[in-house]
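A.B. asks: Following this message is one structure expressed as structure tokens.
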Amino acid sequence: MKKTNCLCADGVLKQVSNPSDLKMLEPCCLKKLAEEIRTFLIDKISNTGGHIASNLGVVELTIALHTVFDSPRDKIIWDVGHQTYVHKILTGRKNDIDNIRQFGGISGFPKITESEHDCFNTGHSSTSISAALGMARARDLLGENYNVIAVIGDGALTGGMAYEALNDAGNSKTNLIVILNDNQMSISKNVGGMSRYLSRIRTEPIYFKVRDDFQTLVEKIPAIGKSAHKVLHRVKGSLKSLLLPGILFEELGFRYYGPLNGHNITEMQEILKKVKNMKGPVLVHVCTVKGKGYTPAEEKPQQYHGISPFDIKTGQVKKLTNESFSNVFGTKLVELAEKHEEIVAITAAMPEGTGLDLFQKRFPKRFFDVGIAEQHAVTMAGGLSIQGLKPVVAIYSSFLQRAYDQVIHDVSLMNLNVIFCIDRAGIVGEDGDTHQGIYDIALFSTLPNITFMTPADYDELEKMLVYAVEKGEGTIAIRYPRGEGCRNLVPDRPIKLGEAVRLSEGKDVTLAVSGHMVPFALEASQKLAEFGISCDILYYRFIKPFDTDLLAESAKKTGFVMTVEDHVVSGGFGSTALRLLNERGISVPFEIAAFPDKAIEHGDRMRLYEKYGLDPDGLVKRVLSKTGGQFMRLLKIRKKIF
């Protein structure tokens with residue numbers, strides 16, 4: 001784009017395709033560009049759904065970063081990465097926003113395979129400073145010259161990994177820039193001491209405005225021998241503590257700048273230009289408003305963090321869901337807590353997402369939101385349990401991965417009675433590979449002293465919660481999927497430890513099904529009946545302990561077993577079933593219907609089930625391809641499912 005004076009009248013966004021175009025724009029055009037980007041985002045995400053509030057909050061910050069730094073030579077790492085839609089727009093992917101998070105479209109998070117401007121994949125919280133420090137050290141070792149910038153939210157600063165990185169980075173003296181995007185939110189309202197500390201900085205910025213003058217004043221005091229120097233050093237420390245209380249980042253070794261108005265491009269550009277050539281680690285504190293520029297998102301940032309398609313005028317979600325597994329869980333837990341005073345609930349910055357907001361409102365003193373700190377949540381649950389309480393820990397499957405050591409060391413090895421409610425188990429869809437909950441069976445089923453359940457429908461989830469609270473012993477895990485389910489899917493039978501349920505009698509194929517995949521198996525069985533194939537359907541309420549007796553009996557009868565699960569094939573439900581049959585000396589043809597051992601991309605859940613052969617038609621094809629020539633001949637004649 002050629003040098004020009006002002007493009008405001010002609011529209012700025014349509015003339016910006018990459019970061020170099022930004023550097024040619026006048027300040028008035030940058031302000032107009034921010035307005036156009038907000039309008040563009042609201043229009044697009046109202047149709048596709050996605051992370052709208054977080055992106056509206058970083059428009060000016062993203063523009064300032066790309067006008068001062070030179071991506072992709074300079075490396076910008078976005079913590080979590082759900083706020084990178086603006087970054088994508090400014091780095092050549094403007095025309096792809098129509099299909100963001102859609103099957104076959106661009107990701108809603110940074111992807112190194114998608115663009116050279118995405119220098120590190122992110123999807124979980126609190127990782128950016130560690131990655132940035134690694135890149136900065138690599139730069140120094142290789143004798144290269146570029147800036148490394150980590151953009152991290154105040155919500156992500158509730159995660160312990162961020163402090164490990166800050167501690168190391170401050171001590172390293174390596175050139176590194178950390179941008180703290182402070183909007184007082186993670187997904188929900190931030191909690192904890194760090195939130196209060198940042199709030200104090202925002203409301204009392206005078207402390208940092210006097211810092212430089214104070215430093216200059218102290219340096220002008222002449223040294224008068226070693227003893228006087230020591231006295232002055234102590235005086236300097238005392239005055240610093242008096243004038244600048246709680247200067248955490250400076251004490252860690254960072255040069256601190258802020259707080260800045262994160263919606264003032266010029267102010268941010270001035271500071272970023274100043275710090276880009278500084279030696280050592282620098283932290284720039286930027287204050288933004290989550291949902292900026294769209295009133296519904298500003299008023300309800302939690303609701304608009306990740307949202308389904310919505311009506312722009314009213315802000316109403318176009319598809320309303322009255323009930324979900326999360327909502328059923330939250331409602332039932334409140335009911336149980338009315339009767340059992342020993343129940344306490346824990347989540348990691350996800351009260352609304354997990355359904356625990358209902359518990360929070362009813363029992364605020366028995367509810368603990370620890371921030372984005374899954375490790376702390378699990379070990380704290382162990383402490384609560386060992387003192388006689390009954391903690392229920394509700395965390396998304398992909399986020400609970402970060403606390404695996406604590407689940408082992410601080411809960412299961414001691415056989416503590418902690419109930420883990422694993423939300424978003426299985427694929428979650430549009431958020432993609434960093435969020436797919438397809439590893440928890442492999443992780444949890446290997447642990448000692450654990451009871452692992454998986455419900456087929458809402459009724460089963462409620463019964464499992466009752467069982468876990470009133471009869472369960474030791475460590476208990478219940479995994480259930482994102483979104484909607486149903487009721488009255490399986491017979492109303494009491495739960496007995498380790499017992500599976502036969503849903504239908506058959507003689508040709510054993511379908512052993514884990515949890516919420518039961519509806520797919522039932523539909524597949526109906527389709528297979530049209531080919532003369534009868535299915536013995538076994539619903540596995542328990543992954544551990546496993547009902548080997550029922551599976552062995554069925555396998556001997558049918559001579560062919562297919563397991564069905566919403567999990568990766570390695571180490572999952574099917575792997576367990578195959579191993580246990582082998583231990584019994586039972587050898588029959590065996591098919592594991594699961595996701596392959598690879599990263600599963602983003603897209604609509606049903607599209608992903610279809611692609612990987614886990615929808616009802618896919619299950620039928622799997623059976624027909626494995627059960628011999630007679631059924632394949634029928635398939636050629638009757639192509640009903642193709």
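By convention in this document, the chains of the structure tokens carry letters A, B, ... by their order, each chain's residues are numbered from 1, and ligands are numbered from 1 in the order they are shown.
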As a list in words, please: all residues of range 465-528 of chain A that backbone DSSP puts in strand (DSSP E or B).

C.D. replies: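 Checking each residue of range 465-528 of chain A, the strand (DSSP E or B) ones are Thr475, Ile476, Ala477, Ile478, Arg479, Val501, Arg502, Leu503, Ser504, Val509, Thr510, Leu511, Ala512, Val513 and Ser514 of chain A.
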
A.B. asks: Could you produce a table of the residues of range 37-117 of chain A lying within 6 Å of range 260-284 of chain A, with the nearest pair of atoms per residue and their separation in Å rounded to one decimal, using only C-alpha atoms, ordered by chain and increasing residue number, as CSV?

C.D. replies:
```
residue,atom,partner,partner_atom,distance
A:Glu60,CA,A:His263,CA,5.3
A:Leu61,CA,A:Gly262,CA,6.0
A:Ala64,CA,A:Gln269,CA,5.6
```

A.B. asks: Please produce an output containing N, CA and C atoms for each residue in the selection, written as an mmCIF file, in the first residue's frame.

C.D. replies:
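This went into selection39.cif:
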```
data_model
loop_
_atom_site.group_PDB
_atom_site.id
_atom_site.type_symbol
_atom_site.label_atom_id
_atom_site.label_comp_id
_atom_site.auth_asym_id
_atom_site.auth_seq_id
_atom_site.Cartn_x
_atom_site.Cartn_y
_atom_site.Cartn_z
ATOM 1 N N GLU A 60 -7.418 -2.201 19.964
ATOM 2 C CA GLU A 60 -6.371 -1.171 19.930
ATOM 3 C C GLU A 60 -5.006 -1.740 20.320
ATOM 4 N N LEU A 61 -4.999 -2.643 21.289
ATOM 5 C CA LEU A 61 -3.737 -3.258 21.702
ATOM 6 C C LEU A 61 -3.097 -4.006 20.540
ATOM 7 N N ALA A 64 -1.693 -1.534 18.031
ATOM 8 C CA ALA A 64 -0.462 -0.929 18.531
ATOM 9 C C ALA A 64 0.714 -1.894 18.423
#
```

A.B. asks: Restricting the calculation to only C-alpha atoms: of A:Thr576, A:Ser54, A:Thr454, A:Thr174, which residue gets closest to Lys292 in chain A?

C.D. replies: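 Checking each of A:Thr576, A:Ser54, A:Thr454, A:Thr174 against Lys292 in chain A, counting only C-alpha atoms, the winner is A:Ser54.
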
A.B. asks: What does the distance between CA of Ala425 in chain A and CA of Ala403 in chain A come to in Å, to one decimal place?

C.D. replies: 15.6 Å

A.B. asks: For Phe363 in chain A, please output as number ranges by chain all residues within 12 Å (counting only C-alpha atoms; exclusion window: fewer than 2 positions along the same chain).

C.D. replies: A: 333-338, 340-346, 356-361, 365-368

A.B. asks: Name the residues of range 256-403 of chain A that come out as alpha helix (DSSP H) in a backbone DSSP run; write them as a ChimeraX atom specification.

C.D. replies: /A:265-275,295-299,325-339,351-354,357-362,374-386,397-400

A.B. asks: At what distance in Å, to one decimal, does CA of Gly515 in chain A lie from CA of Lys496 in chain A?

C.D. replies: 15.5 Å

A.B. asks: Just the residues within 12 Å of Tyr467 in chain A, please, counting only C-alpha atoms, with nothing from its chain fewer than 6 positions along; format it as a PyMOL selection string.

C.D. replies: chain A and resi 333+336+419+451-453+460-461+473+476-478+494-497+541

A.B. asks: Just the selected residues (C-alpha atoms), exported as a CSV table (one decimal), in the first residue's frame, please.

C.D. replies:
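Listing of out_13.csv after writing:
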```
chain,number,residue,atom,x,y,z
A,333,LEU,CA,-25.5,-31.1,43.1
A,336,LEU,CA,-27.7,-33.1,47.1
A,419,ILE,CA,-15.4,-36.5,43.3
A,451,THR,CA,-14.0,-45.5,40.4
A,452,PHE,CA,-14.7,-44.1,36.9
A,453,MET,CA,-18.2,-43.6,35.7
A,460,GLU,CA,-27.8,-41.5,34.6
A,461,LEU,CA,-25.7,-38.5,35.5
A,473,GLU,CA,-15.7,-44.7,48.4
A,476,ILE,CA,-14.4,-41.0,42.0
A,477,ALA,CA,-14.5,-39.6,38.5
A,478,ILE,CA,-17.6,-39.0,36.3
A,494,PRO,CA,-30.1,-48.9,40.4
A,495,ILE,CA,-26.4,-48.4,40.1
A,496,LYS,CA,-24.2,-51.3,41.3
A,497,LEU,CA,-20.5,-50.9,41.5
A,541,ARG,CA,-21.7,-47.2,33.3
```

A.B. asks: With a distance cut-off of 9 Å and only C-alpha atoms, select the neighbouring residues of Leu503 in chain A, excluding the residue or stretch itself and same-chain residues fewer than 3 positions from it, and output the selection as number ranges by chain.

C.D. replies: A: 490-491, 522, 536-539

A.B. asks: Do you know which residues are at most 10 Å from range 590-600 of chain A counting only C-alpha atoms, after dropping those on the same chain fewer than 4 positions away, and could you put them as number ranges by chain?

C.D. replies: A: 426-427, 429, 432-436, 438, 510-513, 555, 559-575, 577-578, 608-609, 611-615, 618-619, 622-623, 626

A.B. asks: Using only C-alpha atoms for the distances, tell me which of A:Asp154, A:Ala552, A:Phe40, A:Gly253 is nearest to Ser172 in chain A.

C.D. replies: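 Of all the options, A:Gly253 lies closest to Ser172 in chain A.
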
A.B. asks: Give me, as a PyMOL selection string, all polymer residues having an atom no more than 7 Å from Tyr480 in chain A, counting only C-alpha atoms and skipping those fewer than 5 positions away in the same chain.

C.D. replies: chain A and resi 325+422-425+454-455

A.B. asks: With N, CA and C atoms retained, export the selected residues as a PDB file, in the first residue's frame.

C.D. replies:
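result-v7.pdb, written as the output of this step:
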```pdb
ATOM      1  N   PHE A 325     -25.773 -31.146  29.992  1.00  0.00           N
ATOM      2  CA  PHE A 325     -25.181 -31.986  31.031  1.00  0.00           C
ATOM      3  C   PHE A 325     -24.646 -31.125  32.173  1.00  0.00           C
ATOM      4  N   ILE A 422     -15.940 -34.445  35.365  1.00  0.00           N
ATOM      5  CA  ILE A 422     -15.130 -34.089  34.200  1.00  0.00           C
ATOM      6  C   ILE A 422     -16.056 -33.628  33.084  1.00  0.00           C
ATOM      7  N   ASP A 423     -16.241 -32.324  33.001  1.00  0.00           N
ATOM      8  CA  ASP A 423     -17.111 -31.711  31.993  1.00  0.00           C
ATOM      9  C   ASP A 423     -16.390 -31.677  30.646  1.00  0.00           C
ATOM     10  N   ARG A 424     -17.160 -31.528  29.569  1.00  0.00           N
ATOM     11  CA  ARG A 424     -16.615 -31.445  28.204  1.00  0.00           C
ATOM     12  C   ARG A 424     -15.750 -32.653  27.868  1.00  0.00           C
ATOM     13  N   ALA A 425     -16.111 -33.838  28.377  1.00  0.00           N
ATOM     14  CA  ALA A 425     -15.402 -35.051  28.000  1.00  0.00           C
ATOM     15  C   ALA A 425     -15.795 -35.440  26.575  1.00  0.00           C
ATOM     16  N   THR A 454     -19.378 -43.099  33.607  1.00  0.00           N
ATOM     17  CA  THR A 454     -19.690 -42.287  32.424  1.00  0.00           C
ATOM     18  C   THR A 454     -21.156 -42.471  32.046  1.00  0.00           C
ATOM     19  N   PRO A 455     -21.984 -41.446  32.192  1.00  0.00           N
ATOM     20  CA  PRO A 455     -23.432 -41.586  32.003  1.00  0.00           C
ATOM     21  C   PRO A 455     -23.866 -41.512  30.536  1.00  0.00           C
TER      22      PRO A 455
END
```

A.B. asks: Name the closest residue to Ser397 in chain A among the candidates A:Gly159, A:His124, A:Lys31, A:Arg607; distances are taken between atoms, counting only C-alpha atoms.

C.D. replies: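 Smallest separation from Ser397 in chain A among the options: A:His124.
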
A.B. asks: For Val466 in chain A, which residue among A:Lys332, A:Glu26, A:Asp492, A:Gly485 is the nearest when counting only C-alpha atoms?

C.D. replies: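 That would be A:Lys332, the residue with the smallest distance to Val466 in chain A.
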
A.B. asks: For a quick check of understanding, using only C-alpha atoms, which of A:Phe531, A:Thr548, A:Tyr396, A:Thr475 has the smallest distance to Gly498 in chain A?

C.D. replies: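 Closest to Gly498 in chain A, using only C-alpha atoms: A:Thr548.
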
A.B. asks: Per residue of range 18-101 of chain A within 9 Å of range 303-313 of chain A, note the shortest atom pair and the distance in Å to one decimal, counting only C-alpha atoms, and order the rows by chain and increasing residue number, as CSV.

C.D. replies:
```
residue,atom,partner,partner_atom,distance
A:Ile42,CA,A:Ile312,CA,7.3
A:Asp43,CA,A:Ile312,CA,7.4
A:Ile45,CA,A:Pro309,CA,6.7
A:Ser46,CA,A:Pro309,CA,4.7
A:Asn47,CA,A:Pro309,CA,5.0
A:Thr48,CA,A:Pro309,CA,5.5
A:Gly49,CA,A:Ser308,CA,4.2
A:Gly50,CA,A:Gly306,CA,5.1
A:His51,CA,A:Gly306,CA,4.3
A:Ile52,CA,A:His305,CA,6.0
A:Ala53,CA,A:His305,CA,5.1
A:Ser54,CA,A:His305,CA,6.3
A:Asn55,CA,A:His305,CA,9.0
A:His82,CA,A:Gly306,CA,9.0
```

A.B. asks: Just to be explicit: take each residue in the selection above, keep C-alpha atoms, and write the result as an mmCIF file, in the first residue's frame.

C.D. replies:
```
data_model
loop_
_atom_site.group_PDB
_atom_site.id
_atom_site.type_symbol
_atom_site.label_atom_id
_atom_site.label_comp_id
_atom_site.auth_asym_id
_atom_site.auth_seq_id
_atom_site.Cartn_x
_atom_site.Cartn_y
_atom_site.Cartn_z
ATOM 1 C CA ILE A 42 -19.589 -8.264 15.604
ATOM 2 C CA ASP A 43 -21.064 -8.892 12.161
ATOM 3 C CA ILE A 45 -19.162 -13.666 14.926
ATOM 4 C CA SER A 46 -22.917 -13.051 15.203
ATOM 5 C CA ASN A 47 -23.191 -15.617 12.382
ATOM 6 C CA THR A 48 -20.482 -18.120 13.315
ATOM 7 C CA GLY A 49 -20.324 -17.825 17.071
ATOM 8 C CA GLY A 50 -16.999 -17.611 18.859
ATOM 9 C CA HIS A 51 -14.980 -15.564 21.337
ATOM 10 C CA ILE A 52 -16.314 -12.067 20.863
ATOM 11 C CA ALA A 53 -15.872 -10.196 24.175
ATOM 12 C CA SER A 54 -12.161 -10.932 24.531
ATOM 13 C CA ASN A 55 -11.462 -9.855 20.946
ATOM 14 C CA HIS A 82 -8.867 -16.906 22.085
#
```

A.B. asks: For each of A:Lys88, A:His602, A:Lys507, A:Arg255, take the minimum atom-to-atom distance to Ser554 in chain A, counting only C-alpha atoms, then give the residue where this is smallest.

C.D. replies: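 Using only C-alpha atoms, Ser554 in chain A sits closest to A:Lys507.
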
A.B. asks: Quick one, how far is CA of Ala394 in chain A from CA of Val518 in chain A?

C.D. replies: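 CA of Ala394 in chain A sits 23.2 Å away from CA of Val518 in chain A.
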